[in-house]
Amino acid sequence: MTKPKQLLEDNVGKEMLLLANESIARGVLEAGVRLVALYPGTPSSEIGNNLTFMAPHIPDFYFEFSTNEKVAMEVAGAAAVAGVRSMMVCKGPGLNVAADPFFSLAYVGVRGGMVIVVADDPSMWSSQNENDSRYYALMGNMPLIEPSDPSEAKSMLLQAYEISEKLELPILFRTTTRINHTRSPITFGPIRDRPKKVEFVKEPFRFVPIPSVARIRHSWLLKQIELAMEISESTKLNFTTGSGNLGILTSGVSYNYVVEALSALDINAETLKLGMTHPVPEKMISEFLKRHKQVVIVEELDPFLETHARRIAQLNGIKTNILGKEQGFFPRTLEYSPRIVIEALSKILNRNTSINWKTIDQKAGEISELPPRPPLLCAGCPHRATYYAIRVATRGKAIYPSDIGCYTLSIAPPLETADILFDMGSSITTACGLAEVTDQDVVATIGDSTFFAAGLPGIANAVYNQHRISLVVLDNHTTAMTGHQPHPGTGVTGMQEKVPPLNIAKVCKGLGVEYVKTIDPFASLADLVAAVREMTTWTRENHKPAVLVSIAPCALLEAAERRKTGEFPPPYYVDSELCNSCKRCLNRLSCPAMYLDTETGQAVIDQTMCNYCGTCVAVCPQGAIKQEDA
Amino acid sequence: MKSDTVSIVISGVGGQGVLTLAEILAKAALSDSHNVRVGEIHGMAQRGGHVVCTVRIGAGARGPIVDPGTANLLVGFEPVETLREAHMIREDGCVLLSSHIQYPVAVSMGKAAYPNNKEIISGIRKFSDRILEFDAMAMAKKAGSSRVLNMIMLGAIIGTGLTPITEEAAIDAVRSTFSKKFESINIKAVKMGRKKVEELNR
């Protein structure tokens, strides 16, 4: 709700409550970044959501929603090679998509500062894995900086650009969900000017890593990392705080939990907090280990710092007892909390925890199982109608490869139309593989933004290799799950300019798909079922891919529009005279706006939640669901 | 945590305005120069599912996470979602419970049972006796819109007197955040929520 406009204020010293993502968007201004390219991905989404509305008001600034992370990395990488400050932003799995240019960028280096913001997602609040992106820094030899809170997200970003330019290397800037989505007071600093244009000075034997160049650049990179090590030893990003016999080595969000745990347990310890975690300051860590008999390593996910500490101890013949994940004091999965740190420290120091969690857990266990409330497709979501039709048309017997977006929620009963998912775009390509080795029908679904991000190579593959797959593109005119960002099919750019939208049906035809149809999922449910049936029959008979584009805007956007205009259609209701309590509407649609009245046994439409899609009308065999007259 | 920190856990259903309430609380706290942290969950977790937000106010607040047994205040937008987070509350903590039920789909489909009010209350009582129950949805509708449910809860939080947030600061935060169009009904809802809790506490 922080308005992007507020982030633009040239008001040094102003204090605002900001998410780390908003703090980073503000940092873009304060660092004089000339170009930002990204593909939205939670938990990093609000960085782009703010920048897109800030961008038109910032002179000499360019922002784009790239088609995917690989593209974004290349767009931003080239800008930094040319000599301006640039930024690329992605979620953890997004860096996997962009891994190819990531490694090359470290070899060729940059002239202007470049920061790659990667938002990891411990606990997988909205990701398909919790891979630890710190290993990319290690593998690609790119310096790594990790803030611990929204305030550091901005201050360390400014330092990251300084270090990037000193080393001529991009910086990997890693956050985690509990940093990205934490709000705290942030103080504004001065805004830095950006160059209007720069001249690209050619240097092909640096920037084109043919083998003879790459061999030279690899040695150069290792030398730069030695220089980076010197920075890591001296920078204030790495510091110790407190004193005591116990040593604690930590970084990122875990640092806060360490501070809170020490306070809760009222114990003294010296904490080494690392902001620069590749290369780690080896001398600093070595001295720290020597000072303490016991050093506890506190870091979420993999034992990254722990492995470094053990390596450094071995190299220097240090006998300090290093305690961490290897001995089971800390978990390797899910996000941490003060409790996890308190419990581990209590175990190590052989004392009681500050709170008796055993009793609390026991009491919580005594409460009988509560009805689950997982996330699900919104009331009025066009995907519900489409999935209902897919299920009916294929009698639930086809294989349903799914993809990344809101629509993955169709995994839940009663729709149950998500059977396999790897990553962005995999609906189409897993369908190709399945179609070759089974006799079952294969009906894949992909969203419009994902279609442009990662669907096109899959379609070309299906056409070229003649795979008998049916693909339904769920086109709701937005990137809904991450907060409604535009994409190539929307006709709006990251600079908020109107451009001709790419037409999904035409793109498919252009790629050689012979069977391409479009449909409005709300026009007629019977027609929608027939369209899916026709497509699957065609695919089976022709042994080629077919595409059906199901087009209707996201229900959340429609609802927001209605609230803005104040114009609401007449409400839907269940006619209690006609309803025979068959519960078909409840059991087949699982619409959150419908529930069972336990007294009458009839379905009820919650007027405060209904989004007026009318899908339930067609599902009721009694014709009991009606819309009031206008 | 230390007594200089007030921890609030807000639990509800995606779309009820849980995140908005958390931000308003934090804005109000900051405007009175309190240190504050808000923990939010966005993205897939938000779509109509169970949503939990945390607000921590005071010098000791570093991270956003509230551990079980440490919340001073549990703000429940819905009965089952309140019980789901009941283990977060301190023994001397206070629970605000809106009694309006929003049935999970699993219940509508007959695949799960919704606990009755007695089960909800006795479940919460395992952790704290201080439960203030009221129908915030009915109050919101009375104020003018079901969408101001979170403003009723905002008023209720102020009414407990357990946070350093003043009504003035909260209303200023409401004014600076929402459009003028809904200002009067938002403020009306805040005042109704406060009055209700003060009556219940009497």
# chains A, B, ... in the order shown; residues from 1 in each chain; ligands from 1
call {"tool": "interface_residues", "arguments": {"of": "chain B", "to": "chain A", "cutoff": "8 Å", "atoms": "only C-alpha atoms", "output": "mmCIF file with N, CA and C atoms, in the first residue's frame"}}
result
data_model
loop_
_atom_site.group_PDB
_atom_site.id
_atom_site.type_symbol
_atom_site.label_atom_id
_atom_site.label_comp_id
_atom_site.auth_asym_id
_atom_site.auth_seq_id
_atom_site.Cartn_x
_atom_site.Cartn_y
_atom_site.Cartn_z
ATOM 1 N N MET B 1 9.616 -12.714 24.132
ATOM 2 C CA MET B 1 10.754 -11.773 24.140
ATOM 3 C C MET B 1 10.687 -10.863 25.360
ATOM 4 N N LYS B 2 11.543 -9.870 25.357
ATOM 5 C CA LYS B 2 11.593 -8.936 26.489
ATOM 6 C C LYS B 2 10.278 -8.164 26.612
ATOM 7 N N GLY B 14 -7.362 -15.159 3.472
ATOM 8 C CA GLY B 14 -6.913 -14.275 2.400
ATOM 9 C C GLY B 14 -8.091 -13.483 1.833
ATOM 10 N N THR B 20 -3.515 -5.527 5.350
ATOM 11 C CA THR B 20 -3.779 -4.093 5.443
ATOM 12 C C THR B 20 -3.813 -3.657 6.900
ATOM 13 N N ALA B 26 1.264 -0.792 12.062
ATOM 14 C CA ALA B 26 2.679 -0.451 12.088
ATOM 15 C C ALA B 26 2.907 1.020 11.745
ATOM 16 N N LYS B 27 2.143 1.517 10.791
ATOM 17 C CA LYS B 27 2.257 2.939 10.423
ATOM 18 C C LYS B 27 1.931 3.819 11.625
ATOM 19 N N LEU B 30 4.736 3.668 14.147
ATOM 20 C CA LEU B 30 5.904 4.428 13.700
ATOM 21 C C LEU B 30 5.669 5.929 13.847
ATOM 22 N N ASN B 35 9.680 1.715 17.487
ATOM 23 C CA ASN B 35 10.312 0.772 16.575
ATOM 24 C C ASN B 35 9.269 -0.299 16.243
ATOM 25 N N VAL B 36 9.258 -0.746 14.994
ATOM 26 C CA VAL B 36 8.227 -1.703 14.615
ATOM 27 C C VAL B 36 8.706 -2.644 13.511
ATOM 28 N N ARG B 37 8.174 -3.863 13.529
ATOM 29 C CA ARG B 37 8.415 -4.834 12.447
ATOM 30 C C ARG B 37 7.078 -5.461 12.072
ATOM 31 N N VAL B 38 6.889 -5.670 10.779
ATOM 32 C CA VAL B 38 5.702 -6.390 10.314
ATOM 33 C C VAL B 38 6.161 -7.601 9.510
ATOM 34 N N GLY B 39 5.609 -8.744 9.811
ATOM 35 C CA GLY B 39 5.901 -9.936 9.021
ATOM 36 C C GLY B 39 4.698 -10.267 8.156
ATOM 37 N N GLU B 40 4.906 -10.359 6.854
ATOM 38 C CA GLU B 40 3.787 -10.594 5.929
ATOM 39 C C GLU B 40 4.063 -11.835 5.089
ATOM 40 N N ILE B 41 2.993 -12.368 4.548
ATOM 41 C CA ILE B 41 3.143 -13.467 3.593
ATOM 42 C C ILE B 41 2.354 -13.095 2.343
ATOM 43 N N HIS B 42 3.046 -13.137 1.200
ATOM 44 C CA HIS B 42 2.414 -12.744 -0.063
ATOM 45 C C HIS B 42 2.360 -13.933 -1.023
ATOM 46 N N GLY B 43 1.811 -13.692 -2.205
ATOM 47 C CA GLY B 43 1.887 -14.691 -3.270
ATOM 48 C C GLY B 43 0.884 -15.811 -3.093
ATOM 49 N N MET B 44 1.335 -17.008 -3.380
ATOM 50 C CA MET B 44 0.426 -18.144 -3.427
ATOM 51 C C MET B 44 -0.315 -18.335 -2.106
ATOM 52 N N ALA B 45 0.378 -18.060 -1.016
ATOM 53 C CA ALA B 45 -0.212 -18.284 0.301
ATOM 54 C C ALA B 45 -1.441 -17.412 0.525
ATOM 55 N N GLN B 46 -1.557 -16.337 -0.260
ATOM 56 C CA GLN B 46 -2.613 -15.362 -0.039
ATOM 57 C C GLN B 46 -3.969 -15.744 -0.602
ATOM 58 N N ARG B 47 -3.987 -16.592 -1.624
ATOM 59 C CA ARG B 47 -5.213 -16.819 -2.378
ATOM 60 C C ARG B 47 -6.289 -17.569 -1.607
ATOM 61 N N GLY B 48 -7.060 -16.834 -0.815
ATOM 62 C CA GLY B 48 -8.200 -17.435 -0.127
ATOM 63 C C GLY B 48 -7.840 -18.416 0.965
ATOM 64 N N GLY B 49 -6.554 -18.586 1.208
ATOM 65 C CA GLY B 49 -6.129 -19.522 2.228
ATOM 66 C C GLY B 49 -5.970 -18.834 3.573
ATOM 67 N N HIS B 50 -5.487 -19.611 4.524
ATOM 68 C CA HIS B 50 -5.212 -19.093 5.859
ATOM 69 C C HIS B 50 -4.036 -18.117 5.788
ATOM 70 N N GLY B 60 12.824 -4.119 21.431
ATOM 71 C CA GLY B 60 13.364 -5.466 21.304
ATOM 72 C C GLY B 60 13.017 -6.169 20.001
ATOM 73 N N ALA B 61 12.166 -5.545 19.180
ATOM 74 C CA ALA B 61 11.737 -6.192 17.939
ATOM 75 C C ALA B 61 12.837 -6.081 16.887
ATOM 76 N N ARG B 62 13.396 -7.212 16.496
ATOM 77 C CA ARG B 62 14.444 -7.239 15.467
ATOM 78 C C ARG B 62 13.891 -7.922 14.218
ATOM 79 N N GLY B 63 13.495 -9.175 14.386
ATOM 80 C CA GLY B 63 12.940 -9.920 13.262
ATOM 81 C C GLY B 63 11.420 -9.844 13.310
ATOM 82 N N PRO B 64 10.752 -10.380 12.262
ATOM 83 C CA PRO B 64 9.298 -10.302 12.204
ATOM 84 C C PRO B 64 8.591 -11.452 12.912
ATOM 85 N N ILE B 65 9.341 -12.488 13.288
ATOM 86 C CA ILE B 65 8.674 -13.722 13.725
ATOM 87 C C ILE B 65 8.289 -13.695 15.202
ATOM 88 N N VAL B 66 7.064 -14.143 15.460
ATOM 89 C CA VAL B 66 6.565 -14.281 16.830
ATOM 90 C C VAL B 66 6.547 -15.788 17.131
ATOM 91 N N ASP B 67 7.206 -16.176 18.201
ATOM 92 C CA ASP B 67 7.254 -17.591 18.570
ATOM 93 C C ASP B 67 5.990 -18.010 19.303
ATOM 94 N N PRO B 68 5.674 -19.318 19.270
ATOM 95 C CA PRO B 68 4.539 -19.812 20.058
ATOM 96 C C PRO B 68 4.687 -19.388 21.521
ATOM 97 N N GLY B 69 3.567 -19.028 22.124
ATOM 98 C CA GLY B 69 3.580 -18.667 23.544
ATOM 99 C C GLY B 69 4.117 -17.281 23.849
ATOM 100 N N VAL B 80 -12.192 -20.513 13.257
ATOM 101 C CA VAL B 80 -11.224 -21.599 13.093
ATOM 102 C C VAL B 80 -9.804 -21.054 12.910
ATOM 103 N N ARG B 84 -6.580 -21.914 15.131
ATOM 104 C CA ARG B 84 -5.392 -22.450 14.461
ATOM 105 C C ARG B 84 -4.106 -21.796 14.987
ATOM 106 N N HIS B 87 -1.990 -21.305 19.800
ATOM 107 C CA HIS B 87 -0.736 -21.638 20.504
ATOM 108 C C HIS B 87 0.271 -20.482 20.503
ATOM 109 N N TYR B 103 -16.807 -20.498 5.922
ATOM 110 C CA TYR B 103 -16.577 -21.935 5.816
ATOM 111 C C TYR B 103 -15.482 -22.266 4.814
ATOM 112 N N PRO B 104 -14.497 -23.084 5.223
ATOM 113 C CA PRO B 104 -13.512 -23.558 4.256
ATOM 114 C C PRO B 104 -14.206 -24.477 3.253
ATOM 115 N N VAL B 105 -13.661 -24.528 2.048
ATOM 116 C CA VAL B 105 -14.258 -25.331 0.987
ATOM 117 C C VAL B 105 -14.405 -26.803 1.404
ATOM 118 N N ALA B 106 -13.418 -27.296 2.147
ATOM 119 C CA ALA B 106 -13.466 -28.703 2.576
ATOM 120 C C ALA B 106 -14.716 -28.972 3.413
ATOM 121 N N VAL B 107 -15.163 -27.981 4.170
ATOM 122 C CA VAL B 107 -16.368 -28.139 4.988
ATOM 123 C C VAL B 107 -17.605 -28.134 4.093
ATOM 124 N N SER B 108 -17.642 -27.203 3.129
ATOM 125 C CA SER B 108 -18.779 -27.133 2.207
ATOM 126 C C SER B 108 -18.932 -28.422 1.422
ATOM 127 N N MET B 109 -17.785 -29.055 1.126
ATOM 128 C CA MET B 109 -17.814 -30.287 0.345
ATOM 129 C C MET B 109 -18.086 -31.508 1.219
ATOM 130 N N ALA B 112 -14.752 -32.200 5.708
ATOM 131 C CA ALA B 112 -14.218 -31.865 7.032
ATOM 132 C C ALA B 112 -15.332 -31.210 7.823
ATOM 133 N N ALA B 113 -15.226 -31.318 9.147
ATOM 134 C CA ALA B 113 -16.259 -30.718 9.999
ATOM 135 C C ALA B 113 -15.751 -29.408 10.585
ATOM 136 N N TYR B 114 -16.659 -28.456 10.712
ATOM 137 C CA TYR B 114 -16.291 -27.186 11.334
ATOM 138 C C TYR B 114 -16.602 -27.291 12.825
ATOM 139 N N PRO B 115 -15.629 -27.033 13.693
ATOM 140 C CA PRO B 115 -15.880 -27.183 15.127
ATOM 141 C C PRO B 115 -16.943 -26.202 15.618
ATOM 142 N N GLY B 123 -10.771 -24.745 23.070
ATOM 143 C CA GLY B 123 -9.454 -24.906 22.440
ATOM 144 C C GLY B 123 -8.564 -23.709 22.728
ATOM 145 N N LYS B 126 -7.160 -23.295 26.355
ATOM 146 C CA LYS B 126 -5.979 -24.067 26.747
ATOM 147 C C LYS B 126 -4.756 -23.152 26.866
ATOM 148 N N PHE B 127 -4.811 -22.063 26.107
ATOM 149 C CA PHE B 127 -3.645 -21.181 26.050
ATOM 150 C C PHE B 127 -3.846 -19.862 26.792
ATOM 151 N N SER B 146 -18.915 -4.846 4.372
ATOM 152 C CA SER B 146 -18.226 -6.022 4.905
ATOM 153 C C SER B 146 -16.708 -5.863 4.773
ATOM 154 N N THR B 177 -3.818 6.404 4.228
ATOM 155 C CA THR B 177 -3.646 5.187 3.425
ATOM 156 C C THR B 177 -4.769 4.984 2.410
#
call {"tool": "select_by_dssp", "arguments": {"residues": "stretch 286-324 of chain A", "states": "strand (DSSP E)", "output": "PyMOL selection string"}}
result
chain A and resi 294-298+321-323
call {"tool": "residues_around", "arguments": {"residues": "B:Cys94", "least_positions_apart": "5", "cutoff": "7 Å", "atoms": "only C-alpha atoms", "output": "PyMOL selection string"}}
result
chain B and resi 72-74+130-131
call {"tool": "closest_residue", "arguments": {"among": "A:Ser212, A:Thr52, A:Ser66, A:Gln224", "to": "A:Pro143", "atoms": "only C-alpha atoms"}}
result
A:Gln224
call {"tool": "residues_around", "arguments": {"residues": "A:Asn580", "least_positions_apart": "4", "cutoff": "12 Å", "atoms": "only C-alpha atoms", "output": "list in words"}}
result
Val574, Asp575, Ser576, Arg584, Cys585, Thr600, Gly601, Gln602, Ala603, Cys620, Pro621, Gln622, Gly623, Ala624 and Ile625 of chain A
call {"tool": "closest_residue", "arguments": {"among": "B:Thr70, B:Ser7, B:Ser98, B:Gln16", "to": "B:Ala156", "atoms": "only C-alpha atoms"}}
result
B:Ser98
call {"tool": "closest_residue", "arguments": {"among": "B:Ile101, B:Ile187, B:Cys53, B:Ala143", "to": "B:Glu85", "atoms": "only C-alpha atoms"}}
result
B:Cys53
call {"tool": "residues_around", "arguments": {"residues": "A:Glu416", "least_positions_apart": "4", "cutoff": "9 Å", "atoms": "only C-alpha atoms", "output": "MDAnalysis selection string"}}
result
chainID A and resid 387 391 396 400 409:412
call {"tool": "residues_around", "arguments": {"residues": "A:Ala531", "least_positions_apart": "2", "cutoff": "12 Å", "atoms": "only C-alpha atoms", "output": "mmCIF file with C-alpha atoms, in the first residue's frame"}}
result
data_model
loop_
_atom_site.group_PDB
_atom_site.id
_atom_site.type_symbol
_atom_site.label_atom_id
_atom_site.label_comp_id
_atom_site.auth_asym_id
_atom_site.auth_seq_id
_atom_site.Cartn_x
_atom_site.Cartn_y
_atom_site.Cartn_z
ATOM 1 C CA THR A 386 -11.914 -23.819 -17.666
ATOM 2 C CA ALA A 389 -14.715 -28.032 -18.444
ATOM 3 C CA ILE A 390 -11.401 -29.835 -18.949
ATOM 4 C CA VAL A 392 -15.819 -32.912 -17.606
ATOM 5 C CA ALA A 393 -14.660 -33.199 -21.234
ATOM 6 C CA THR A 394 -11.966 -35.745 -20.390
ATOM 7 C CA SER A 470 -3.687 -30.557 -26.155
ATOM 8 C CA LEU A 471 -2.723 -27.228 -24.616
ATOM 9 C CA VAL A 472 -5.105 -24.829 -22.948
ATOM 10 C CA TYR A 515 -5.293 -26.192 -34.533
ATOM 11 C CA VAL A 516 -5.680 -22.916 -32.627
ATOM 12 C CA LYS A 517 -8.999 -21.749 -31.183
ATOM 13 C CA THR A 518 -10.019 -19.129 -28.655
ATOM 14 C CA ILE A 519 -12.946 -19.132 -26.256
ATOM 15 C CA ASP A 520 -14.513 -17.045 -23.473
ATOM 16 C CA PRO A 521 -14.836 -19.416 -20.480
ATOM 17 C CA SER A 524 -21.203 -20.911 -22.108
ATOM 18 C CA LEU A 525 -19.956 -23.737 -19.964
ATOM 19 C CA ALA A 526 -21.435 -26.314 -22.367
ATOM 20 C CA ASP A 527 -19.557 -24.752 -25.295
ATOM 21 C CA LEU A 528 -16.368 -24.750 -23.234
ATOM 22 C CA VAL A 529 -16.722 -28.471 -22.511
ATOM 23 C CA ARG A 533 -13.597 -32.377 -26.234
ATOM 24 C CA GLU A 534 -13.191 -31.345 -29.866
ATOM 25 C CA MET A 535 -9.554 -30.413 -29.296
ATOM 26 C CA THR A 536 -8.609 -33.668 -27.607
ATOM 27 C CA THR A 537 -10.310 -35.648 -30.372
ATOM 28 C CA TRP A 538 -8.437 -33.647 -33.025
ATOM 29 C CA ALA A 546 -3.545 -28.279 -30.592
ATOM 30 C CA VAL A 547 -4.091 -25.072 -28.657
ATOM 31 C CA LEU A 548 -7.213 -23.604 -27.062
ATOM 32 C CA VAL A 549 -6.826 -20.091 -25.634
ATOM 33 C CA SER A 550 -9.341 -19.459 -22.846
#
call {"tool": "residues_around", "arguments": {"residues": "A:Gly512", "least_positions_apart": "5", "cutoff": "10 Å", "atoms": "only C-alpha atoms", "output": "JSON, numbers by chain"}}
result
{"A": [459, 460, 462, 463, 464, 506, 507, 545]}
call {"tool": "atom_distance", "arguments": {"atom1": "atom CA of A:Thr241", "atom2": "atom CA of B:Thr54"}}
result
27.3 Å
call {"tool": "atom_distance", "arguments": {"atom1": "atom CA of A:Ile163", "atom2": "atom CA of A:Val115"}}
result
10.0 Å
call {"tool": "select_by_dssp", "arguments": {"residues": "chain B", "states": "alpha helix (DSSP H)", "output": "ChimeraX atom specification"}}
result
/B:18-31,79-84,105-108,117-125,136-143,149-160,167-177,183-201
call {"tool": "decode", "arguments": {"residues": "stretch 537-587 of chain A", "atoms": "C-alpha atoms", "output": "tab-separated table (two decimals), in the first residue's frame"}}
result
chain	number	residue	atom	x	y	z
A	537	THR	CA	-10.31	-35.65	-30.37
A	538	TRP	CA	-8.44	-33.65	-33.02
A	539	THR	CA	-5.11	-34.20	-31.27
A	540	ARG	CA	-5.70	-37.93	-31.05
A	541	GLU	CA	-6.67	-38.20	-34.71
A	542	ASN	CA	-3.97	-35.94	-36.13
A	543	HIS	CA	-1.09	-36.73	-33.76
A	544	LYS	CA	-0.12	-33.07	-33.59
A	545	PRO	CA	-0.35	-30.33	-30.96
A	546	ALA	CA	-3.55	-28.28	-30.59
A	547	VAL	CA	-4.09	-25.07	-28.66
A	548	LEU	CA	-7.21	-23.60	-27.06
A	549	VAL	CA	-6.83	-20.09	-25.63
A	550	SER	CA	-9.34	-19.46	-22.85
A	551	ILE	CA	-9.61	-15.70	-22.40
A	552	ALA	CA	-11.16	-13.81	-19.46
A	553	PRO	CA	-9.59	-11.23	-17.14
A	554	CYS	CA	-8.42	-12.09	-13.60
A	555	ALA	CA	-11.31	-11.92	-11.12
A	556	LEU	CA	-9.29	-9.80	-8.71
A	557	LEU	CA	-8.76	-7.12	-11.36
A	558	GLU	CA	-12.46	-7.20	-12.23
A	559	ALA	CA	-13.41	-6.88	-8.57
A	560	ALA	CA	-11.03	-3.95	-8.08
A	561	GLU	CA	-12.53	-2.26	-11.13
A	562	ARG	CA	-16.05	-2.71	-9.74
A	563	ARG	CA	-15.05	-1.21	-6.42
A	564	LYS	CA	-13.53	1.75	-8.25
A	565	THR	CA	-16.60	2.44	-10.38
A	566	GLY	CA	-19.06	1.45	-7.67
A	567	GLU	CA	-21.08	-0.42	-10.30
A	568	PHE	CA	-22.10	-3.92	-9.28
A	569	PRO	CA	-24.13	-6.40	-11.34
A	570	PRO	CA	-27.27	-7.86	-9.75
A	571	PRO	CA	-26.33	-10.53	-7.18
A	572	TYR	CA	-26.56	-14.28	-7.70
A	573	TYR	CA	-28.58	-16.37	-5.26
A	574	VAL	CA	-29.80	-19.90	-4.66
A	575	ASP	CA	-33.58	-20.24	-5.04
A	576	SER	CA	-34.48	-22.30	-1.98
A	577	GLU	CA	-37.72	-23.43	-3.65
A	578	LEU	CA	-35.78	-25.12	-6.45
A	579	CYS	CA	-32.62	-26.27	-4.68
A	580	ASN	CA	-32.89	-29.99	-3.89
A	581	SER	CA	-29.69	-30.06	-1.79
A	582	CYS	CA	-27.76	-32.19	-4.29
A	583	LYS	CA	-24.63	-30.13	-3.48
A	584	ARG	CA	-23.32	-30.52	-7.01
A	585	CYS	CA	-22.28	-26.84	-7.08
A	586	LEU	CA	-20.30	-27.20	-3.85
A	587	ASN	CA	-18.76	-30.54	-4.76
